[in-house]
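Undergrad: Following this line is structure_20.cif, made up of mmCIF, C-alpha atoms, pLDDT in the B column; chains and numbers go by the auth columns:
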```
data_entry
loop_
_atom_site.group_PDB
_atom_site.id
_atom_site.type_symbol
_atom_site.label_atom_id
_atom_site.label_comp_id
_atom_site.label_asym_id
_atom_site.label_seq_id
_atom_site.Cartn_x
_atom_site.Cartn_y
_atom_site.Cartn_z
_atom_site.B_iso_or_equiv
_atom_site.auth_seq_id
_atom_site.auth_asym_id
ATOM 1 C CA MET A 1 -13.401 -2.176 -0.540 63.00 95 A
ATOM 2 C CA TYR A 2 -11.249 -5.230 -1.256 77.00 96 A
ATOM 3 C CA ILE A 3 -9.860 -3.487 -4.338 76.00 97 A
ATOM 4 C CA SER A 4 -8.713 -0.629 -2.102 72.00 98 A
ATOM 5 C CA ALA A 5 -6.905 -3.171 0.115 80.00 99 A
ATOM 6 C CA ILE A 6 -5.071 -4.620 -2.887 84.00 100 A
ATOM 7 C CA LEU A 7 -4.139 -1.123 -4.072 77.00 101 A
ATOM 8 C CA ILE A 8 -2.769 -0.191 -0.637 77.00 102 A
ATOM 9 C CA GLY A 9 -0.615 -3.315 -0.696 83.00 103 A
ATOM 10 C CA LEU A 10 0.476 -2.863 -4.300 81.00 104 A
ATOM 11 C CA ILE A 11 1.421 0.821 -4.039 75.00 105 A
ATOM 12 C CA GLY A 12 2.804 0.560 -0.533 74.00 106 A
ATOM 13 C CA SER A 13 4.922 -2.508 -1.345 77.00 107 A
ATOM 14 C CA LEU A 14 7.709 -0.135 -2.405 73.00 108 A
ATOM 15 C CA HIS A 15 7.895 0.692 1.277 70.00 109 A
ATOM 16 C CA CYS A 16 8.021 -3.058 2.051 72.00 110 A
ATOM 17 C CA VAL A 17 11.050 -3.440 -0.205 71.00 111 A
ATOM 18 C CA ALA A 18 12.961 -0.823 1.776 68.00 112 A
ATOM 19 C CA MET A 19 12.040 -2.250 5.196 70.00 113 A
ATOM 20 C CA CYS A 20 11.625 -6.027 4.746 73.00 114 A
ATOM 21 C CA SER A 21 13.846 -7.028 1.805 70.00 115 A
ATOM 22 C CA SER A 22 16.677 -8.067 4.135 74.00 116 A
ATOM 23 C CA ILE A 23 14.344 -10.544 5.846 80.00 117 A
ATOM 24 C CA THR A 24 13.416 -12.401 2.670 75.00 118 A
ATOM 25 C CA LEU A 25 16.979 -12.323 1.324 72.00 119 A
ATOM 26 C CA LEU A 26 18.282 -14.011 4.494 74.00 120 A
ATOM 27 C CA ILE A 27 15.870 -16.960 4.374 79.00 121 A
ATOM 28 C CA GLY A 28 18.549 -19.012 2.637 67.00 122 A
ATOM 29 C CA GLY A 29 18.621 -21.625 -0.099 65.00 123 A
ATOM 30 C CA GLN A 30 20.728 -21.851 -3.216 65.00 124 A
ATOM 31 C CA ALA A 31 19.730 -19.054 -5.603 63.00 125 A
ATOM 32 C CA ARG A 32 17.109 -20.050 -8.201 65.00 126 A
ATOM 33 C CA SER A 33 16.935 -23.620 -6.823 76.00 127 A
ATOM 34 C CA LYS A 34 13.659 -25.427 -6.137 82.00 128 A
ATOM 35 C CA ASP A 35 14.087 -24.993 -2.373 84.00 129 A
ATOM 36 C CA TYR A 36 14.829 -21.292 -2.881 82.00 130 A
ATOM 37 C CA VAL A 37 11.531 -20.805 -4.730 85.00 131 A
ATOM 38 C CA ILE A 38 9.557 -22.865 -2.206 88.00 132 A
ATOM 39 C CA GLN A 39 10.943 -20.953 0.775 87.00 133 A
ATOM 40 C CA ARG A 40 10.036 -17.590 -0.791 87.00 134 A
ATOM 41 C CA ALA A 41 6.526 -18.808 -1.578 89.00 135 A
ATOM 42 C CA LEU A 42 6.161 -20.075 1.999 92.00 136 A
ATOM 43 C CA TYR A 43 7.465 -16.761 3.332 91.00 137 A
ATOM 44 C CA ASN A 44 4.809 -14.765 1.505 91.00 138 A
ATOM 45 C CA THR A 45 2.133 -17.293 2.503 93.00 139 A
ATOM 46 C CA GLY A 46 3.219 -16.883 6.132 93.00 140 A
ATOM 47 C CA ARG A 47 2.790 -13.127 5.824 93.00 141 A
ATOM 48 C CA LEU A 48 -0.771 -13.670 4.565 94.00 142 A
ATOM 49 C CA ILE A 49 -1.543 -15.887 7.566 95.00 143 A
ATOM 50 C CA GLY A 50 -0.149 -13.218 9.892 94.00 144 A
ATOM 51 C CA TYR A 51 -2.247 -10.522 8.226 95.00 145 A
ATOM 52 C CA ALA A 52 -5.340 -12.757 8.443 95.00 146 A
ATOM 53 C CA ASN A 53 -4.833 -13.083 12.192 94.00 147 A
ATOM 54 C CA LEU A 54 -4.497 -9.327 12.469 94.00 148 A
ATOM 55 C CA GLY A 55 -7.760 -9.131 10.501 94.00 149 A
ATOM 56 C CA VAL A 56 -9.494 -10.987 13.335 93.00 150 A
ATOM 57 C CA LEU A 57 -8.273 -8.373 15.823 92.00 151 A
ATOM 58 C CA ALA A 58 -9.277 -5.569 13.447 91.00 152 A
ATOM 59 C CA GLY A 59 -12.745 -7.089 13.116 90.00 153 A
ATOM 60 C CA LEU A 60 -13.132 -7.279 16.896 90.00 154 A
ATOM 61 C CA PHE A 61 -12.006 -3.688 17.425 86.00 155 A
ATOM 62 C CA GLY A 62 -14.119 -2.510 14.511 82.00 156 A
ATOM 63 C CA ARG A 63 -17.267 -3.998 16.013 82.00 157 A
ATOM 64 C CA VAL A 64 -16.539 -2.301 19.352 82.00 158 A
ATOM 65 C CA ALA A 65 -15.742 1.042 17.663 74.00 159 A
ATOM 66 C CA TRP A 66 -18.898 0.788 15.549 74.00 160 A
ATOM 67 C CA PHE A 67 -21.000 0.013 18.633 70.00 161 A
ATOM 68 C CA PHE A 68 -19.761 3.142 20.438 73.00 162 A
ATOM 69 C CA GLY A 69 -19.847 5.278 17.293 72.00 163 A
ATOM 70 C CA ILE A 70 -16.127 6.191 17.373 73.00 164 A
ATOM 71 C CA GLN A 71 -14.966 4.335 14.252 68.00 165 A
ATOM 72 C CA GLN A 72 -14.734 7.465 12.098 72.00 166 A
ATOM 73 C CA TRP A 73 -13.054 9.617 14.748 78.00 167 A
ATOM 74 C CA PHE A 74 -10.554 6.904 15.588 72.00 168 A
ATOM 75 C CA THR A 75 -9.460 6.778 11.952 73.00 169 A
ATOM 76 C CA ILE A 76 -9.017 10.558 11.736 80.00 170 A
ATOM 77 C CA GLY A 77 -7.293 10.721 15.117 79.00 171 A
ATOM 78 C CA PHE A 78 -4.817 7.995 14.221 73.00 172 A
ATOM 79 C CA GLY A 79 -3.941 9.776 10.978 76.00 173 A
ATOM 80 C CA VAL A 80 -3.449 13.117 12.744 84.00 174 A
ATOM 81 C CA VAL A 81 -1.226 11.591 15.448 77.00 175 A
ATOM 82 C CA LEU A 82 0.842 9.743 12.841 71.00 176 A
ATOM 83 C CA LEU A 83 1.242 12.892 10.737 80.00 177 A
ATOM 84 C CA ILE A 84 2.344 14.954 13.760 80.00 178 A
ATOM 85 C CA ALA A 85 4.859 12.257 14.740 72.00 179 A
ATOM 86 C CA LEU A 86 6.272 12.238 11.209 72.00 180 A
ATOM 87 C CA ILE A 87 6.617 16.024 11.125 78.00 181 A
ATOM 88 C CA LEU A 88 8.310 16.132 14.542 73.00 182 A
ATOM 89 C CA TYR A 89 10.554 13.094 14.247 63.00 183 A
ATOM 90 C CA GLY A 90 10.735 12.257 10.526 61.00 184 A
ATOM 91 C CA SER A 91 9.750 9.080 8.670 54.00 185 A
ATOM 92 C CA LYS A 92 12.060 6.967 10.838 55.00 186 A
ATOM 93 C CA SER A 93 9.641 7.435 13.719 51.00 187 A
ATOM 94 C CA ILE A 94 7.308 4.723 12.450 52.00 188 A
ATOM 95 C CA HIS A 95 10.181 2.269 11.978 53.00 189 A
ATOM 96 C CA ASN A 96 11.843 2.923 15.341 55.00 190 A
ATOM 97 C CA PRO A 97 8.947 2.940 17.831 56.00 191 A
ATOM 98 C CA THR A 98 9.423 4.669 21.177 57.00 192 A
ATOM 99 C CA TRP A 99 6.240 3.314 22.770 60.00 193 A
ATOM 100 C CA LYS A 100 7.477 0.689 25.258 67.00 194 A
ATOM 101 C CA PRO A 101 4.982 -2.084 24.379 69.00 195 A
ATOM 102 C CA LEU A 102 5.993 -1.787 20.695 68.00 196 A
ATOM 103 C CA ILE A 103 9.675 -1.814 21.618 71.00 197 A
ATOM 104 C CA LYS A 104 9.196 -4.982 23.665 76.00 198 A
ATOM 105 C CA MET A 105 7.215 -6.624 20.870 75.00 199 A
ATOM 106 C CA THR A 106 9.855 -5.689 18.276 75.00 200 A
ATOM 107 C CA THR A 107 12.648 -7.016 20.501 80.00 201 A
ATOM 108 C CA LEU A 108 10.777 -10.283 21.043 83.00 202 A
ATOM 109 C CA LEU A 109 10.165 -10.680 17.310 82.00 203 A
ATOM 110 C CA LYS A 110 13.835 -10.042 16.507 79.00 204 A
ATOM 111 C CA ARG A 111 14.859 -12.782 18.946 85.00 205 A
ATOM 112 C CA SER A 112 12.323 -15.118 17.356 86.00 206 A
ATOM 113 C CA PHE A 113 13.676 -14.295 13.895 81.00 207 A
ATOM 114 C CA SER A 114 17.202 -15.217 15.027 81.00 208 A
ATOM 115 C CA LYS A 115 16.020 -18.626 16.259 87.00 209 A
ATOM 116 C CA VAL A 116 13.890 -19.427 13.209 87.00 210 A
ATOM 117 C CA TYR A 117 16.692 -18.483 10.784 81.00 211 A
ATOM 118 C CA GLN A 118 18.768 -21.303 12.298 84.00 212 A
ATOM 119 C CA TRP A 119 16.127 -23.954 11.641 84.00 213 A
ATOM 120 C CA GLU A 120 16.678 -26.633 9.034 81.00 214 A
ATOM 121 C CA SER A 121 12.937 -27.148 8.659 83.00 215 A
ATOM 122 C CA PRO A 122 11.448 -27.338 5.124 83.00 216 A
ATOM 123 C CA VAL A 123 8.767 -24.863 6.245 88.00 217 A
ATOM 124 C CA LYS A 124 11.152 -22.324 7.778 89.00 218 A
ATOM 125 C CA GLY A 125 10.053 -19.636 5.324 89.00 219 A
ATOM 126 C CA LEU A 126 6.429 -19.978 6.472 93.00 220 A
ATOM 127 C CA PHE A 127 7.276 -19.114 10.083 92.00 221 A
ATOM 128 C CA ILE A 128 9.588 -16.259 9.065 92.00 222 A
ATOM 129 C CA GLY A 129 6.742 -14.784 7.014 91.00 223 A
ATOM 130 C CA LEU A 130 4.322 -15.255 9.899 92.00 224 A
ATOM 131 C CA LEU A 131 6.628 -13.325 12.249 90.00 225 A
ATOM 132 C CA ASN A 132 7.174 -10.670 9.573 88.00 226 A
ATOM 133 C CA GLY A 133 3.418 -10.074 9.437 86.00 227 A
ATOM 134 C CA PHE A 134 3.444 -8.864 13.048 87.00 228 A
ATOM 135 C CA LEU A 135 6.347 -6.407 12.751 84.00 229 A
ATOM 136 C CA PRO A 136 5.369 -2.764 13.525 78.00 230 A
ATOM 137 C CA CYS A 137 4.665 -1.128 10.158 79.00 231 A
ATOM 138 C CA GLY A 138 2.770 2.025 9.202 72.00 232 A
ATOM 139 C CA LEU A 139 1.537 0.388 5.998 78.00 233 A
ATOM 140 C CA VAL A 140 0.006 -2.516 7.918 86.00 234 A
ATOM 141 C CA TYR A 141 -1.596 -0.055 10.345 79.00 235 A
ATOM 142 C CA MET A 142 -3.282 1.659 7.414 76.00 236 A
ATOM 143 C CA ALA A 143 -4.651 -1.654 6.149 84.00 237 A
ATOM 144 C CA LEU A 144 -5.891 -2.456 9.663 86.00 238 A
ATOM 145 C CA ILE A 145 -7.865 0.792 9.763 78.00 239 A
ATOM 146 C CA GLY A 146 -9.501 -0.250 6.503 77.00 240 A
ATOM 147 C CA ALA A 147 -10.231 -3.697 7.945 86.00 241 A
ATOM 148 C CA MET A 148 -11.832 -2.116 11.017 83.00 242 A
ATOM 149 C CA SER A 149 -14.348 -0.336 8.791 74.00 243 A
ATOM 150 C CA MET A 150 -15.674 -3.614 7.357 77.00 244 A
ATOM 151 C CA THR A 151 -19.043 -4.927 8.487 69.00 245 A
ATOM 152 C CA SER A 152 -18.066 -8.428 9.679 80.00 246 A
ATOM 153 C CA PHE A 153 -15.156 -10.461 11.037 82.00 247 A
ATOM 154 C CA THR A 154 -14.947 -12.396 7.783 90.00 248 A
ATOM 155 C CA SER A 155 -14.793 -9.188 5.753 89.00 249 A
ATOM 156 C CA SER A 156 -12.007 -7.837 7.987 90.00 250 A
ATOM 157 C CA ILE A 157 -9.964 -11.007 7.497 93.00 251 A
ATOM 158 C CA ILE A 158 -10.485 -10.986 3.725 94.00 252 A
ATOM 159 C CA TYR A 159 -9.521 -7.303 3.623 91.00 253 A
ATOM 160 C CA MET A 160 -6.166 -8.015 5.305 94.00 254 A
ATOM 161 C CA VAL A 161 -5.514 -11.016 3.042 94.00 255 A
ATOM 162 C CA ALA A 162 -6.288 -8.849 -0.007 94.00 256 A
ATOM 163 C CA PHE A 163 -3.795 -6.285 1.307 92.00 257 A
ATOM 164 C CA GLY A 164 -1.176 -8.997 1.671 92.00 258 A
ATOM 165 C CA LEU A 165 -1.795 -10.246 -1.868 93.00 259 A
ATOM 166 C CA GLY A 166 -1.225 -6.712 -3.110 91.00 260 A
ATOM 167 C CA THR A 167 2.309 -6.795 -1.670 90.00 261 A
ATOM 168 C CA TRP A 168 3.169 -10.149 -3.318 89.00 262 A
ATOM 169 C CA PRO A 169 4.399 -8.938 -6.752 87.00 263 A
ATOM 170 C CA MET A 170 7.015 -6.569 -5.354 85.00 264 A
ATOM 171 C CA MET A 171 8.118 -8.876 -2.546 84.00 265 A
ATOM 172 C CA LEU A 172 8.528 -11.791 -4.963 82.00 266 A
ATOM 173 C CA ALA A 173 10.506 -9.523 -7.280 81.00 267 A
ATOM 174 C CA VAL A 174 12.831 -8.688 -4.385 78.00 268 A
ATOM 175 C CA SER A 175 13.209 -12.395 -3.600 73.00 269 A
ATOM 176 C CA PHE A 176 14.552 -13.171 -7.067 73.00 270 A
ATOM 177 C CA PHE A 177 16.062 -9.851 -8.196 72.00 271 A
ATOM 178 C CA GLY A 178 16.783 -8.190 -4.843 62.00 272 A
ATOM 179 C CA GLY A 179 19.877 -6.189 -5.714 60.00 273 A
ATOM 180 C CA TRP A 180 18.553 -5.005 -9.065 58.00 274 A
ATOM 181 C CA VAL A 181 15.151 -3.985 -7.684 61.00 275 A
ATOM 182 C CA LYS A 182 16.633 -1.991 -4.815 59.00 276 A
ATOM 183 C CA SER A 183 19.105 -0.266 -7.132 58.00 277 A
ATOM 184 C CA LYS A 184 16.212 1.010 -9.261 57.00 278 A
ATOM 185 C CA MET A 185 14.319 2.459 -6.304 59.00 279 A
ATOM 186 C CA ASN A 186 14.391 6.127 -5.409 57.00 280 A
ATOM 187 C CA LEU A 187 14.915 6.135 -1.639 56.00 281 A
ATOM 188 C CA LYS A 188 14.073 9.844 -1.375 60.00 282 A
ATOM 189 C CA THR A 189 10.675 9.133 -2.910 60.00 283 A
ATOM 190 C CA LEU A 190 10.078 6.301 -0.429 61.00 284 A
ATOM 191 C CA LYS A 191 10.376 8.754 2.463 68.00 285 A
ATOM 192 C CA ILE A 192 7.140 10.343 1.252 72.00 286 A
ATOM 193 C CA VAL A 193 5.155 7.086 1.638 67.00 287 A
ATOM 194 C CA PRO A 194 4.577 7.363 5.450 69.00 288 A
ATOM 195 C CA TYR A 195 3.227 10.901 5.018 77.00 289 A
ATOM 196 C CA VAL A 196 0.875 9.725 2.275 75.00 290 A
ATOM 197 C CA ILE A 197 -0.309 6.923 4.577 69.00 291 A
ATOM 198 C CA ALA A 198 -1.076 9.421 7.367 74.00 292 A
ATOM 199 C CA LEU A 199 -3.029 11.679 4.995 80.00 293 A
ATOM 200 C CA LEU A 200 -4.985 8.701 3.642 75.00 294 A
ATOM 201 C CA PHE A 201 -5.947 7.775 7.222 72.00 295 A
ATOM 202 C CA ILE A 202 -7.417 11.253 7.670 80.00 296 A
ATOM 203 C CA LEU A 203 -9.056 11.234 4.236 80.00 297 A
ATOM 204 C CA ARG A 204 -10.653 7.860 4.897 73.00 298 A
ATOM 205 C CA GLY A 205 -12.094 8.991 8.215 74.00 299 A
ATOM 206 C CA LEU A 206 -13.639 12.146 6.729 80.00 300 A
ATOM 207 C CA ASP A 207 -16.378 10.010 5.140 75.00 301 A
ATOM 208 C CA LEU A 208 -16.375 11.987 1.850 77.00 302 A
ATOM 209 C CA GLY A 209 -17.924 9.283 -0.294 75.00 303 A
ATOM 210 C CA ILE A 210 -14.873 8.986 -2.573 74.00 304 A
ATOM 211 C CA PRO A 211 -14.629 5.381 -3.844 69.00 305 A
ATOM 212 C CA TYR A 212 -11.633 3.451 -2.390 62.00 306 A
ATOM 213 C CA LEU A 213 -10.081 6.550 -0.771 66.00 307 A
ATOM 214 C CA SER A 214 -12.865 7.810 1.508 69.00 308 A
ATOM 215 C CA PRO A 215 -15.919 5.514 1.222 67.00 309 A
ATOM 216 C CA ARG A 216 -19.102 6.213 3.135 68.00 310 A
ATOM 217 C CA ILE A 217 -18.651 4.768 6.630 58.00 311 A
ATOM 218 C CA ASN A 218 -22.073 5.779 7.880 53.00 312 A
ATOM 219 C CA SER A 219 -23.886 4.273 4.912 47.00 313 A
ATOM 220 C CA SER A 220 -22.207 0.942 5.569 47.00 314 A
ATOM 221 C CA ASN A 221 -23.248 1.094 9.218 45.00 315 A
ATOM 222 C CA ASP A 222 -26.814 2.054 8.262 45.00 316 A
ATOM 223 C CA GLN A 223 -26.960 -0.893 5.880 46.00 317 A
ATOM 224 C CA THR A 224 -25.755 -3.221 8.639 41.00 318 A
ATOM 225 C CA ILE A 225 -28.402 -1.893 11.043 37.00 319 A
ATOM 226 C CA SER A 226 -31.130 -2.311 8.412 42.00 320 A
ATOM 227 C CA THR A 227 -30.011 -5.895 7.775 39.00 321 A
ATOM 228 C CA CYS A 228 -30.092 -6.675 11.497 37.00 322 A
ATOM 229 C CA ILE A 229 -33.616 -5.225 11.823 38.00 323 A
ATOM 230 C CA ALA A 230 -34.873 -7.095 8.763 43.00 324 A
ATOM 231 C CA ASN A 231 -33.262 -10.352 9.901 47.00 325 A
ATOM 232 C CA PRO A 232 -33.273 -10.308 13.693 44.00 326 A
ATOM 233 C CA GLU A 233 -32.232 -13.949 13.900 45.00 327 A
#
```
Can the structure from this file be put into structure tokens for me?

TA:
Amino acid sequence: MYISAILIGLIGSLHCVAMCSSITLLIGGQARSKDYVIQRALYNTGRLIGYANLGVLAGLFGRVAWFFGIQQWFTIGFGVVLLIALILYGSKSIHNPTWKPLIKMTTLLKRSFSKVYQWESPVKGLFIGLLNGFLPCGLVYMALIGAMSMTSFTSSIIYMVAFGLGTWPMMLAVSFFGGWVKSKMNLKTLKIVPYVIALLFILRGLDLGIPYLSPRINSSNDQTISTCIANPE
């Protein structure tokens, strides 16, 4: 399961380059200097901390969904809704949310980014990365669905951290070779990524027993129940 999280981050990080490269490039610091390297490392560490916190929320929701037996249907439903939104409004729909709570959250985060960018703190990159981790993103939503299917809070947190680690190689490459990396990317191909994410949501929820893509949800729940019965304490 953790391998699937890393793969989601690694493959989906092309999407991260298109959406978040401007954030890391604006952190500041003289190119290739020691401070430049430190700030980029702190930025990516901050993203991991943000994802870990989201893992806590995913673990909480996952336990509730598992208790009511809606975990599988929630996953399929989310994928279907996302796919319909993409077909009706295009891939920009997941980057320009129309749901008011998401709009308010995005606006608040943008204001926070503006303030943090002006800091002279040696750990500025850490806080920028932390804020970045909470930006609305279809790729993160996919990882959260995976985290919700884990059997414990700790597992959900580790799943989100593993996802974040999967995005590190590409995001670090953008930090040091931003212009060159973006020039080599096929933007038309990137537009397909949100659709693939939506289909993977649906595939995961179908419980087909396909390793990494659609693992057995019910078998994991049955194992958890058996463990609880065998060890009631």

Undergrad: Could you give me, as a list in words, the residues within 10 Å of Phe168 (chain A), counting all atoms listed in the file and dropping anything in the same chain fewer than 2 positions from it?

TA: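 Near neighbours after the sequence-gap exclusion: Ala159, Gly163, Ile164, Gln165, Gln166, Ile170, Gly171, Phe172, Gly173, Val174, Ile239, Phe295, Ile296 and Gly299 of chain A.
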
Undergrad: When you draw a straight line from CA of Leu180 (chain A) to CA of Cys231 (chain A), how long is it in Å?

TA: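 CA of Cys231 (chain A) lies 13.5 Å from CA of Leu180 (chain A).
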
Undergrad: What is the distance, in Å and to one decimal place, between CA of Phe228 (chain A) and CA of Ile121 (chain A)?

TA: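 According to the coordinates, CA of Phe228 (chain A) and CA of Ile121 (chain A) are separated by 17.2 Å.
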
Undergrad: Just want the 10 Å neighbourhood of Pro263 (chain A), counted on only C-alpha atoms, with same-chain residues fewer than 4 positions away dropped. Output as a list in words.

TA: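 Counting only the stated atoms, we get Gly103, Leu104, Ser107, Leu259, Ala267, Val268 and Ser269 of chain A.
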
Undergrad: So the first atom is CA of Thr139 (chain A) and the second is CA of Leu220 (chain A); what is the distance between them in Å, to one decimal place?

TA: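 So the two atoms, CA of Thr139 (chain A) and CA of Leu220 (chain A), lie 6.4 Å apart.
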
Undergrad: Could you tell me which of A:Tyr289, A:Phe257, A:Trp262, A:Phe271 comes closest to Asn138 (chain A) if we count only C-alpha atoms?

TA: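 Using only C-alpha atoms, the shortest distance to Asn138 (chain A) belongs to A:Trp262.
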
Undergrad: Is there a way to get, as a tab-separated table (two decimals) with C-alpha atoms, keeping the file's coordinate frame, all residues within 9 Å of the point (18.5, -9.6, 1.3) in file coordinates, counting all atoms listed in the file?

TA:
```tsv
chain	number	residue	atom	x	y	z
A	114	CYS	CA	11.62	-6.03	4.75
A	115	SER	CA	13.85	-7.03	1.80
A	116	SER	CA	16.68	-8.07	4.14
A	117	ILE	CA	14.34	-10.54	5.85
A	118	THR	CA	13.42	-12.40	2.67
A	119	LEU	CA	16.98	-12.32	1.32
A	120	LEU	CA	18.28	-14.01	4.49
A	121	ILE	CA	15.87	-16.96	4.37
A	268	VAL	CA	12.83	-8.69	-4.38
A	269	SER	CA	13.21	-12.40	-3.60
A	272	GLY	CA	16.78	-8.19	-4.84
A	273	GLY	CA	19.88	-6.19	-5.71
```

Undergrad: When the PyMOL selection byres ((chain A and resi 101) around 10) is applied to the structure above, which residues does it catch, written out as a list in words?

TA: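 With the PyMOL selection byres ((chain A and resi 101) around 10) on this model, the match is Met95, Tyr96, Ile97, Ser98, Ala99, Ile100, Ile102, Gly103, Leu104, Ile105, Gly106, Ser107, Ala256, Phe257, Leu259, Gly260, Thr261 and Tyr306 of chain A.
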
Undergrad: Can you patch up region 297-304 of chain A, filling it in to all heavy atoms, and show the result as a PDB file, keeping the file's coordinate frame?

TA:
```pdb
ATOM      1  N   LEU A 297      -8.107  11.169   5.345  1.00 80.00           N
ATOM      2  CA  LEU A 297      -9.056  11.234   4.236  1.00 80.00           C
ATOM      3  C   LEU A 297     -10.117  10.156   4.360  1.00 80.00           C
ATOM      4  O   LEU A 297     -11.310  10.414   4.138  1.00 80.00           O
ATOM      5  CB  LEU A 297      -8.300  11.078   2.906  1.00 80.00           C
ATOM      6  CG  LEU A 297      -9.129  11.207   1.620  1.00 80.00           C
ATOM      7  CD1 LEU A 297      -9.741  12.595   1.511  1.00 80.00           C
ATOM      8  CD2 LEU A 297      -8.270  10.910   0.392  1.00 80.00           C
ATOM      9  N   ARG A 298      -9.701   8.963   4.754  1.00 73.00           N
ATOM     10  CA  ARG A 298     -10.653   7.860   4.897  1.00 73.00           C
ATOM     11  C   ARG A 298     -11.675   8.148   5.994  1.00 73.00           C
ATOM     12  O   ARG A 298     -12.862   7.899   5.848  1.00 73.00           O
ATOM     13  CB  ARG A 298      -9.903   6.566   5.219  1.00 73.00           C
ATOM     14  CG  ARG A 298     -10.810   5.358   5.281  1.00 73.00           C
ATOM     15  CD  ARG A 298     -10.038   4.086   5.531  1.00 73.00           C
ATOM     16  NE  ARG A 298     -10.929   2.946   5.467  1.00 73.00           N
ATOM     17  CZ  ARG A 298     -11.291   2.330   4.355  1.00 73.00           C
ATOM     18  NH1 ARG A 298     -10.808   2.738   3.204  1.00 73.00           N
ATOM     19  NH2 ARG A 298     -12.122   1.307   4.363  1.00 73.00           N
ATOM     20  N   GLY A 299     -11.199   8.726   7.098  1.00 74.00           N
ATOM     21  CA  GLY A 299     -12.094   8.991   8.215  1.00 74.00           C
ATOM     22  C   GLY A 299     -13.060  10.132   7.981  1.00 74.00           C
ATOM     23  O   GLY A 299     -14.070  10.247   8.676  1.00 74.00           O
ATOM     24  N   LEU A 300     -12.776  10.990   6.997  1.00 80.00           N
ATOM     25  CA  LEU A 300     -13.639  12.146   6.729  1.00 80.00           C
ATOM     26  C   LEU A 300     -14.966  11.757   6.078  1.00 80.00           C
ATOM     27  O   LEU A 300     -15.863  12.594   5.948  1.00 80.00           O
ATOM     28  CB  LEU A 300     -12.897  13.162   5.844  1.00 80.00           C
ATOM     29  CG  LEU A 300     -11.744  13.904   6.535  1.00 80.00           C
ATOM     30  CD1 LEU A 300     -11.022  14.806   5.543  1.00 80.00           C
ATOM     31  CD2 LEU A 300     -12.251  14.720   7.722  1.00 80.00           C
ATOM     32  N   ASP A 301     -15.085  10.505   5.634  1.00 75.00           N
ATOM     33  CA  ASP A 301     -16.378  10.010   5.140  1.00 75.00           C
ATOM     34  C   ASP A 301     -16.892  10.856   3.972  1.00 75.00           C
ATOM     35  O   ASP A 301     -18.042  11.316   3.970  1.00 75.00           O
ATOM     36  CB  ASP A 301     -17.383  10.017   6.294  1.00 75.00           C
ATOM     37  CG  ASP A 301     -18.641   9.228   5.979  1.00 75.00           C
ATOM     38  OD1 ASP A 301     -18.622   8.411   5.037  1.00 75.00           O
ATOM     39  OD2 ASP A 301     -19.652   9.437   6.680  1.00 75.00           O
ATOM     40  N   LEU A 302     -16.036  11.090   2.958  1.00 77.00           N
ATOM     41  CA  LEU A 302     -16.375  11.987   1.850  1.00 77.00           C
ATOM     42  C   LEU A 302     -17.121  11.299   0.710  1.00 77.00           C
ATOM     43  O   LEU A 302     -17.564  11.957  -0.232  1.00 77.00           O
ATOM     44  CB  LEU A 302     -15.096  12.638   1.300  1.00 77.00           C
ATOM     45  CG  LEU A 302     -14.296  13.477   2.303  1.00 77.00           C
ATOM     46  CD1 LEU A 302     -13.006  13.978   1.661  1.00 77.00           C
ATOM     47  CD2 LEU A 302     -15.132  14.641   2.819  1.00 77.00           C
ATOM     48  N   GLY A 303     -17.224   9.996   0.772  1.00 75.00           N
ATOM     49  CA  GLY A 303     -17.924   9.283  -0.294  1.00 75.00           C
ATOM     50  C   GLY A 303     -17.093   9.092  -1.548  1.00 75.00           C
ATOM     51  O   GLY A 303     -17.635   8.846  -2.625  1.00 75.00           O
ATOM     52  N   ILE A 304     -15.771   9.202  -1.433  1.00 74.00           N
ATOM     53  CA  ILE A 304     -14.873   8.986  -2.573  1.00 74.00           C
ATOM     54  C   ILE A 304     -14.545   7.498  -2.648  1.00 74.00           C
ATOM     55  O   ILE A 304     -13.983   6.957  -1.694  1.00 74.00           O
ATOM     56  CB  ILE A 304     -13.570   9.797  -2.421  1.00 74.00           C
ATOM     57  CG1 ILE A 304     -13.876  11.280  -2.246  1.00 74.00           C
ATOM     58  CG2 ILE A 304     -12.656   9.583  -3.620  1.00 74.00           C
ATOM     59  CD1 ILE A 304     -12.655  12.124  -1.927  1.00 74.00           C
TER      60      ILE A 304
END
```
